[in-house]
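*Asks:* I have a structure here, written as structure tokens, and I will follow up with some questions on it.
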Amino acid sequence: MEYEFTLKFKLSEIDSDFDQLVERLGAAGCDDALVGIGVPGRIALDFTREANSAKDAILSALADVKSAIPTA
């Protein structure tokens with residue numbers, strides 16, 4: 001089943017290079033998300049993720065983001 005949801009994070013000052021963040025997110029498994037940076041110092045990820053449950057989808061996405069951007 002596919003689940004659609006958005007996760008929003010505050011970024012630290014050391015994570016200010018958007019291109020680098022997108023590369024790190026893709027490498028961490030977040031290639032199923034659209035990335036937005038409309039507000040300086042914040043990032044939003046709009047996911048469409050396959051999982052057995054909504055909870056599993058959200059928890060796996062959170063883990064992927066935290067592995068790519070530990071300071072988020």
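Ordering of the structure tokens sets the chain letters (A, B, ...), residue numbers begin anew at 1 in every chain, and ligands are numbered from 1 in the order given.
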Could you pull out all residues of chain A with a DSSP call of strand (DSSP E) and give them as a ChimeraX atom specification?
*Replies:* /A:2-10,33-36,42-50
*Asks:* For region 34-68 of chain A versus region 7-22 of chain A, which residues have an atom no more than 7 Å away, and what is each residue's nearest atom pair and distance in Å rounded to one decimal, using only C-alpha atoms, chain-then-number order, as JSON lines?
*Replies:*
```
{"residue": "A:Gly41", "atom": "CA", "partner": "A:Leu11", "partner_atom": "CA", "distance": 5.1}
{"residue": "A:Arg42", "atom": "CA", "partner": "A:Lys10", "partner_atom": "CA", "distance": 4.4}
{"residue": "A:Ile43", "atom": "CA", "partner": "A:Phe9", "partner_atom": "CA", "distance": 5.3}
{"residue": "A:Ala44", "atom": "CA", "partner": "A:Lys8", "partner_atom": "CA", "distance": 4.3}
{"residue": "A:Leu45", "atom": "CA", "partner": "A:Leu7", "partner_atom": "CA", "distance": 5.2}
{"residue": "A:Asp46", "atom": "CA", "partner": "A:Leu7", "partner_atom": "CA", "distance": 6.6}
```
*Asks:* One decimal, in Å: what's the spacing between CA of Val35 (chain A) and CA of Met1 (chain A)?
*Replies:*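 CA of Met1 (chain A) lies 21.8 Å from CA of Val35 (chain A).
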*Asks:* Which residues, written as a VMD selection string, have at least one atom at most 12 Å from Asp56 (chain A), with only C-alpha atoms counted and residues fewer than 5 positions away on the same chain left out?
*Replies:* chain A and resid 1 to 3 49 to 51 61 to 63
*Asks:* Compare A:Glu4, A:Leu25, A:Val39, A:Cys30 by their minimum atom-to-atom distance to Ser60 (chain A), counting only C-alpha atoms, and give me the closest one.
*Replies:*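 Residue with the minimum atom-to-atom distance to Ser60 (chain A): A:Cys30.
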*Asks:* List every residue of chain A that DSSP, applied to the backbone of this structure, places in helix (DSSP H, G or I), and write the result as a ChimeraX atom specification.
*Replies:* /A:18-27,54-68
*Asks:* Smallest atom-to-atom distance to Ala28 (chain A): which of A:Pro40, A:Phe5, A:Pro70, A:Ile58, using only C-alpha atoms?
*Replies:*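 Looking at the shortest contact to Ala28 (chain A), the residue is A:Pro70.
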*Asks:* State, in Å with one decimal place, the distance from CA of Ala33 (chain A) to CA of Val65 (chain A).
*Replies:* 10.5 Å
*Asks:* By how many Å are CA of Thr6 (chain A) and CA of Glu23 (chain A) apart?
*Replies:* 18.8 Å
